[in-house]
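Each remark here refers to the structure printed beneath this line.
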Amino acid sequence: MNKFGFSTHASRVIDYETIDTKLISYIVENEPSFASCISCGSCTATCSAANLTYFNIRRLNVQIRLGEFEEIQQEIDKCMLCGKCMLVCPRGINTRNVIMLIKRGLTTLEIKK
Amino acid sequence: MIDVIIIGGGIAGLETACTLHTQGIESLILEKEKEIGGKLTQWDSLFPSNRNAKELVETYKDEIQKHTITVYVNTKVIAIKKQNDGTFEIFTSREIVFKAKTIVIASGYSIFNAERKEEYGYAIYPNVITSADLEHMFATKKELKAPSGRTLERVAFIHCVGSRDEKVGNHYCSRLCCVTGVKQAIKIRQMLPETHVFNFYMDLRMYGLGFEEMYREAQEKHGVQFIRGRVSEIAQTNEGRLQLKAEDTLAARPVRMQVDMVVLLVGMEAPECNSILGKSCNIQYNAAQFIVPQDIHYSSGITSAEGVFVSGTSIAPLSVFDTINHARSTALAVSNFLMPIQNE
Amino acid sequence: MNFNFFVLPFTIGFFIIIVVLGVRFTRWIWKLSKIDKLRILHGFFTRRTLRAIREAWNESLLHKNIFKVNPFLGFMHMSLAFGWFLIIVVGHIEMYALTGNLTAMPWESVFFRYFEHTTSHAHAIFAHIMDTLLLLVLGGVGLALYKRVNMKFFGIRRNTQLRVSDKVALYSLWAIFPMRLLAESATAGFYMNGGWLTNNIGHVFQLVNLNSNGELIFWWIYSISLGAFFVVLPFSRYMHIPTEVLYIFLKEYGIKLKREYNSFSEIQVYSCSRCGICIEACQMHHAKISNNQSVYILKNIRDENITERKIYNCLLCGRCETLCPVNLKLNDLRITLRINASKDFNSTYDFLEQPHNTEHAEVVYFAGCMSHLSPSIISAVETILKTTKTPYLFIDKEKGVCCGRPLMLAGQQKAALKLINHNRESIIQSGAQTLITSCPICYKTFKEDYELGQMRILHHSEYIHELLTNKSLKISKSTQKYIYHDPCELGRGSDVYEEPRFILSQTGTLKTIENERQKSLCCGGSLGDVSLSMQERNRITHQTLLQLTKPNPDCIVTACPLCKKTFAKQKKVPVKDIAEIVVECM
């Protein structure tokens, strides 16, 4: 095969054929409200941990949906479970349970990290 | 006994009355405020035409006079009683009992009380105002300044205040705040070209005629900046500026921004009287207390109670354009009900 | 020695229960930590033992706490427990007094009437007393039977389901005393003795020509039901009877629940009598959750049938705990279960930098995370601090770190300690004498876990109360009518009830409602529950609001940002923090 000197960057493409959906299904099954996120970002805006770190709880939702777990393990540990995000969420998502489920899912489910 | 009593003298009620009159049906309007025109009297300009709202109100006042329609102002409806013969008795804050063959509910809407969204600091910080307050400022003030007197270097609009928010119990979208935000942002930029204007939105719903064009104009012509992220809270700095917290969700990073004035784009709620009227004559209304039409497509002006009709924003948040159209269709439904043979 | 073969079932059962209880109690105490064992040793010869005896008398026998909840339910428990206790005690006295035999076998006092047939005066007096006591117990049995038919009469709407061992124990317990009555009456009929009750029934038996075989059958059934009850007791819910006594003693010696599930937790689990009072206290039925109240959880632990959802689905409001007649520490018990369930994933918070250069201040104000979403609370407290010219440091104005209690409520104990240490360090660095907070959640953990030494820890309502009593703050009375909502963590959690009420009595008229103070309802926003959905929370909130708005108050006043935000979902009655009310009246 001829090499043309350029290639597509495979990791940038979201490939729905290879996405690991174990964690997202586990969370949605146990906390259905997680599915109703509209990515408004008010959780991240108010987040006590985001005030001190790069923690972004809204982005976790997207990452988990796409099966991108590389950063999640260390990111999730920054949450202090204070519950402010729950108090601002316009969709009433039970974010504290989501965090607990992510933590539990990462330790109990077999996930390629 | 009058043919139709219309509850509410806003544009929905006025338009219904005028259309009915052209059909040869007499009606009577009961308005709880001291003048007709409804919420429109508090508005400065209308989108997308930027036409003065007072003009439209005056047009309707002229029409009412021309059609010699009786209006009772300062008359608040307390209860409706359906008689055995199918007619209605209406009890109001006046001593007379009104009698009618049919009723049209045109109760309109009330503006969301922004104090309930406490984290935005309305009525706590002087420079946090609502879109209704800004409209009033446009109408009455020549020079635009923050309520505390600050010059406006930077103004932020917050979309969806009191709408699409489980936390205040309003799950629905008020639909018109998006375009109001765009309209008001443009206006500020026109009045104060040096001022930076930021709109914080979750989704921009430019559904109506000419709305999308206004949005584009705001970006292209007026340099209004749109940030996709819901503001979580506002605090006041020692210098009296307002500090916003949001996430720029497209950049996936938190934003901290200091502004001189915040405008809350408050949503529309069903007025309290809907549930009272609903209960007193068995009309179906939803959790948000908007009246549910018999059929959302086919008969959106007819309620679940025979002889009771609904017009305008009593069913949902509607623009002026949609309200007038709905009012006319309701008038038609009323005349079909009263004169079935004539219409055949 | 008096003997008949029918005493065997009782005697075997009696020895089995003694052995089983002995083994269990020894194992429980053995598994306690060294310090706890020392506590028992040191406490044993002190007044604590006397206090424990008094509590065991009041609660294990008289059941005073249950009386407070429902007199009929209380009488049922009291007549069974205290009546039976008296029968045993008086029965022994009777035997010793009438026979002088101090080395009698256990069955000899239980079946005394079968073996002893005198008609002396002394015997007659004892017989009347014993009959009366028997009637007392039978009254309890009668109520227990009636409770199966009409639970509502006892203030109970739901009950736990019985296992086989529970049913065996229950039916044998029901049989014991009626059979004792029949057996004693039969014997009394033969010998023309017995008390006012047994004597008369004995006459009836004579009229129907009951022979000595019939008499023996009654004694056999009586003995079998006693034996059966004793054998199944340790494996049924009636295990609570002996365990509760042990629990009372251990509690009195100062043993507390640790941050793990240990043998003391197990003692608590077994001390639950399943009276069902906690079921009624629980607000979770408003969210249509009726399988998760404390009694069910304790039962699930015993049956080894506990799931994570069950552990986490509780508001931890503490209403059941205040009503529990056995004084079980139900909240702490749930938290220890949560600690166990989540111990594999505690965060380390390595990003937290060691606090340094914290400003010095006499008073430190820690608003708390939630208060930042309610700026009117913060601005009211700051106004009060400024008006009284208090030099203060607003320590979590920016970049605040959570107090750690929300993590603790979720069982993340180790992680919580990290945050606690961080905040503690900066609070101590400030050199403050007083720490004021606006959030009852922070307040509770500051008091219980922060170990701040001499520093005074106050909720802002306590601070305002202090300012009013020492006259450094003056307020005027308005015509407003208030309802005060006790936040769980401030009221039941920290025993602050009077200060907010005093303040409100100075600013307006305080209305009262049925469920207040210890009985106050949870707002539904509790951080204690991790798995409750927002819809379920809304239902609980709705019910609480119905009660709060009943006296038509002008304003619902609370002292917790979380309660305030939770109640703000409705628009009919305004909800304010107590600090806002004070500022309005300044």
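Every chain in the structure tokens has a letter given in the order shown (A, B, ...), and although residue numbers restart at 1 in each chain, ligands are simply numbered from 1 in the order shown.
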
Problem set entry | All alpha helix (DSSP H) residues (DSSP, backbone) inside chain A, as an MDAnalysis selection string | chainID A and resid 22:30 42:46 57:65 72:76 84:88 95:108

Exercise. For chain C against chain A, which residues fall within 6 Å using only C-alpha atoms, given as a count of residues only?
Worked result: 8

Problem set entry | Polymer residues at most 8 Å from Ile111 (chain A), only C-alpha atoms, same-chain spacing of 5 or more positions, as a VMD selection string | chain A and resid 20 22 to 23 106

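One distance worth recording is that between CA of Ser236 (chain C) and CA of Asp166 (chain C), which is 4.8 Å.
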
Problem set entry | Exercise answer, chain C residues close to chain B, 9 Å and only C-alpha atoms, as a list of chain:residue names |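 Written out as asked, the residues are C:His372, C:Leu373, C:Ser374, C:Pro375, C:Ser376, C:Ser379, C:Met534, C:Lys565, C:Thr566, C:Ala568, C:Lys569, C:Gln570, C:Lys571, C:Pro574.
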
Exercise. Neighbours of Cys324 (chain C) within 10 Å (only C-alpha atoms; same-chain residues fewer than 2 positions away dropped), as a PyMOL selection string?
Worked result: chain C and resi 65-66+69+272-278+281+294-295+318-322+326-330

For this session: Define the interface residues of chain B facing chain A as those within 10 Å, counting only C-alpha atoms, and report them as a PyMOL selection string.
Result: chain B and resi 117+119+160+162-171+200-203+228-233+244-250+252-256

Just N, CA, C and O atoms for this one: save the residues we selected as a CSV table (one decimal), in the first residue's frame.
chain,number,residue,atom,x,y,z
B,117,LYS,N,-35.3,32.7,42.3
B,117,LYS,CA,-34.1,32.2,41.8
B,117,LYS,C,-33.0,32.9,42.5
B,117,LYS,O,-32.3,33.8,42.0
B,119,GLU,N,-30.1,32.5,43.8
B,119,GLU,CA,-28.6,32.5,43.6
B,119,GLU,C,-28.3,33.6,42.6
B,119,GLU,O,-27.1,33.9,42.4
B,160,CYS,N,-33.2,31.7,30.3
B,160,CYS,CA,-33.9,30.6,31.0
B,160,CYS,C,-34.0,30.8,32.5
B,160,CYS,O,-33.7,29.9,33.3
B,162,GLY,N,-36.2,30.9,35.4
B,162,GLY,CA,-37.6,30.5,35.8
B,162,GLY,C,-38.3,29.6,34.7
B,162,GLY,O,-39.4,29.3,34.8
B,163,SER,N,-37.5,29.2,33.7
B,163,SER,CA,-38.1,28.3,32.7
B,163,SER,C,-37.1,27.1,32.6
B,163,SER,O,-35.9,27.3,32.9
B,164,ARG,N,-37.6,26.0,32.1
B,164,ARG,CA,-36.8,24.8,31.9
B,164,ARG,C,-36.0,24.6,33.2
B,164,ARG,O,-34.8,24.2,33.2
B,165,ASP,N,-36.6,24.7,34.3
B,165,ASP,CA,-35.9,24.6,35.6
B,165,ASP,C,-36.7,23.9,36.6
B,165,ASP,O,-37.7,24.4,37.1
B,166,GLU,N,-36.3,22.7,36.8
B,166,GLU,CA,-36.9,21.8,37.8
B,166,GLU,C,-36.9,22.4,39.2
B,166,GLU,O,-37.8,22.2,40.0
B,167,LYS,N,-35.9,23.2,39.5
B,167,LYS,CA,-35.7,23.8,40.8
B,167,LYS,C,-36.8,24.8,41.2
B,167,LYS,O,-37.0,25.1,42.4
B,168,VAL,N,-37.5,25.4,40.2
B,168,VAL,CA,-38.6,26.3,40.5
B,168,VAL,C,-39.9,25.7,40.1
B,168,VAL,O,-40.9,26.3,40.1
B,169,GLY,N,-39.8,24.4,39.7
B,169,GLY,CA,-41.1,23.7,39.4
B,169,GLY,C,-41.6,24.0,38.0
B,169,GLY,O,-42.7,23.6,37.6
B,170,ASN,N,-40.8,24.8,37.2
B,170,ASN,CA,-41.2,25.1,35.8
B,170,ASN,C,-40.4,24.3,34.8
B,170,ASN,O,-39.3,24.6,34.5
B,171,HIS,N,-41.0,23.2,34.3
B,171,HIS,CA,-40.2,22.3,33.4
B,171,HIS,C,-40.3,22.8,32.0
B,171,HIS,O,-39.5,22.4,31.1
B,200,PHE,N,-25.7,34.5,28.2
B,200,PHE,CA,-25.4,33.2,28.7
B,200,PHE,C,-26.6,32.3,28.4
B,200,PHE,O,-27.7,32.6,29.0
B,201,TYR,N,-26.5,31.3,27.6
B,201,TYR,CA,-27.7,30.5,27.2
B,201,TYR,C,-27.4,29.1,27.4
B,201,TYR,O,-26.3,28.6,27.4
B,202,MET,N,-28.5,28.3,27.4
B,202,MET,CA,-28.4,26.8,27.4
B,202,MET,C,-28.7,26.3,26.0
B,202,MET,O,-27.9,25.5,25.4
B,203,ASP,N,-29.8,26.8,25.4
B,203,ASP,CA,-30.1,26.6,24.0
B,203,ASP,C,-30.7,27.8,23.5
B,203,ASP,O,-31.5,28.5,24.3
B,228,ARG,N,-22.2,29.6,25.7
B,228,ARG,CA,-23.1,28.5,26.0
B,228,ARG,C,-22.8,28.0,27.4
B,228,ARG,O,-21.9,27.2,27.6
B,229,GLY,N,-23.6,28.4,28.3
B,229,GLY,CA,-23.5,27.9,29.7
B,229,GLY,C,-24.5,28.6,30.6
B,229,GLY,O,-24.8,29.8,30.4
B,230,ARG,N,-25.0,27.8,31.5
B,230,ARG,CA,-26.0,28.4,32.4
B,230,ARG,C,-25.2,29.0,33.6
B,230,ARG,O,-24.4,28.3,34.2
B,231,VAL,N,-25.6,30.2,34.0
B,231,VAL,CA,-24.9,30.8,35.2
B,231,VAL,C,-25.4,30.1,36.4
B,231,VAL,O,-26.6,29.9,36.6
B,232,SER,N,-24.5,29.8,37.3
B,232,SER,CA,-24.9,29.1,38.5
B,232,SER,C,-25.2,30.0,39.7
B,232,SER,O,-26.1,29.8,40.5
B,233,GLU,N,-24.4,31.0,39.8
B,233,GLU,CA,-24.6,32.0,40.9
B,233,GLU,C,-23.9,33.3,40.6
B,233,GLU,O,-23.0,33.4,39.8
B,244,LEU,N,-20.1,36.7,38.0
B,244,LEU,CA,-20.9,35.6,37.5
B,244,LEU,C,-20.0,34.3,37.6
B,244,LEU,O,-18.8,34.3,37.3
B,245,LYS,N,-20.7,33.2,37.8
B,245,LYS,CA,-20.0,31.9,37.7
B,245,LYS,C,-20.8,31.1,36.7
B,245,LYS,O,-22.0,31.0,36.8
B,246,ALA,N,-20.1,30.6,35.6
B,246,ALA,CA,-20.7,29.8,34.7
B,246,ALA,C,-19.7,28.8,34.1
B,246,ALA,O,-18.5,28.9,34.5
B,247,GLU,N,-20.1,27.9,33.3
B,247,GLU,CA,-19.1,27.2,32.5
B,247,GLU,C,-19.3,27.5,31.1
B,247,GLU,O,-20.4,27.5,30.6
B,248,ASP,N,-18.2,27.8,30.4
B,248,ASP,CA,-18.3,27.9,28.9
B,248,ASP,C,-18.2,26.5,28.4
B,248,ASP,O,-17.1,25.9,28.3
B,249,THR,N,-19.4,25.9,28.2
B,249,THR,CA,-19.4,24.5,27.9
B,249,THR,C,-18.8,24.1,26.6
B,249,THR,O,-18.3,23.0,26.4
B,250,LEU,N,-18.7,25.1,25.7
B,250,LEU,CA,-18.0,24.8,24.4
B,250,LEU,C,-16.5,24.7,24.6
B,250,LEU,O,-15.8,24.0,23.9
B,252,ALA,N,-15.4,23.9,27.6
B,252,ALA,CA,-15.3,23.0,28.7
B,252,ALA,C,-14.4,23.6,29.8
B,252,ALA,O,-13.7,22.9,30.5
B,253,ARG,N,-14.6,24.9,30.1
B,253,ARG,CA,-13.9,25.5,31.2
B,253,ARG,C,-14.8,26.4,31.9
B,253,ARG,O,-15.6,27.1,31.3
B,254,PRO,N,-14.6,26.5,33.2
B,254,PRO,CA,-15.4,27.4,34.0
B,254,PRO,C,-15.1,28.9,33.6
B,254,PRO,O,-13.9,29.2,33.3
B,255,VAL,N,-16.1,29.8,33.7
B,255,VAL,CA,-15.9,31.2,33.4
B,255,VAL,C,-16.2,32.0,34.7
B,255,VAL,O,-17.1,31.7,35.4
B,256,ARG,N,-15.3,32.9,35.0
B,256,ARG,CA,-15.7,33.9,36.0
B,256,ARG,C,-15.7,35.2,35.2
B,256,ARG,O,-14.8,35.6,34.5

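The shell of residues at most 7 Å from Leu176 (chain B), with only C-alpha atoms counted and near chain neighbours (fewer than 3 positions) removed, consists of B:Val179, B:Thr180, B:Ser319.
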
For this session: Find the spatial neighbours of Phe91 (chain B), counting only C-alpha atoms, within a cut-off of 10 Å - ignore same-chain residues fewer than 3 positions away - and output them as a PyMOL selection string.
Result: chain B and resi 75-81+88+94-99

For this session: Tell me which protein, DNA and RNA residues are within 12 Å of Ile11 (chain B), counting only C-alpha atoms, leaving out same-chain ones fewer than 6 positions away, and put them as a ChimeraX atom specification.
Result: /B:17-19,29,31,36-41,53-54,56-61,63-64,106-109,311-314,318-328

Selection export as a compact mmCIF listing (two decimals), in the first residue's frame, atoms kept: C-alpha atoms:
# COMPACT_ATOMS: atom_id res chain seq x y z
CA ALA B 17 -63.80 40.68 21.17
CA CYS B 18 -63.09 42.54 17.93
CA THR B 19 -63.25 39.42 15.78
CA ILE B 29 -64.60 42.28 28.63
CA GLU B 31 -60.26 43.38 33.11
CA ILE B 36 -56.77 47.45 28.97
CA GLY B 37 -53.77 46.24 27.00
CA GLY B 38 -52.41 43.70 29.45
CA LYS B 39 -48.69 43.06 29.81
CA LEU B 40 -48.09 44.78 26.50
CA THR B 41 -48.54 48.16 28.18
CA ALA B 53 -45.56 48.21 21.74
CA LYS B 54 -47.67 51.23 22.72
CA LEU B 56 -50.21 48.21 19.05
CA VAL B 57 -52.04 48.86 22.31
CA GLU B 58 -53.41 52.13 20.91
CA THR B 59 -54.55 50.35 17.78
CA TYR B 60 -56.54 47.92 19.90
CA LYS B 61 -58.01 50.70 22.05
CA GLU B 63 -60.73 49.14 17.61
CA ILE B 64 -62.57 48.55 20.87
CA ALA B 106 -57.94 35.25 28.17
CA SER B 107 -56.17 35.49 31.49
CA GLY B 108 -52.74 35.92 29.95
CA TYR B 109 -49.58 35.19 31.88
CA SER B 311 -57.57 32.54 24.10
CA GLY B 312 -53.89 33.50 24.05
CA THR B 313 -51.21 32.76 26.61
CA SER B 314 -53.62 31.06 28.99
CA LEU B 318 -47.02 32.62 23.06
CA SER B 319 -45.58 35.53 21.13
CA VAL B 320 -47.77 38.53 20.17
CA PHE B 321 -47.95 37.09 16.68
CA ASP B 322 -49.17 33.71 17.93
CA THR B 323 -51.48 35.27 20.51
CA ILE B 324 -53.38 37.33 17.96
CA ASN B 325 -53.74 34.34 15.65
CA HIS B 326 -54.94 32.16 18.48
CA ALA B 327 -57.41 34.82 19.63
CA ARG B 328 -58.95 34.95 16.16

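Picture a line from CA of Val262 (chain B) to CA of Phe211 (chain B); it runs 22.6 Å.
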
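Interatomic distance, CA of Ile227 (chain B) to CA of Glu398 (chain C): 23.4 Å.
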
For this session: Run DSSP on the backbone and grab whatever in region 208-274 of chain B lands in strand (DSSP E); send it over as a VMD selection string.
Result: chain B and resid 225 to 228 233 to 236 242 to 248 253 to 259 261 to 266 268 to 269
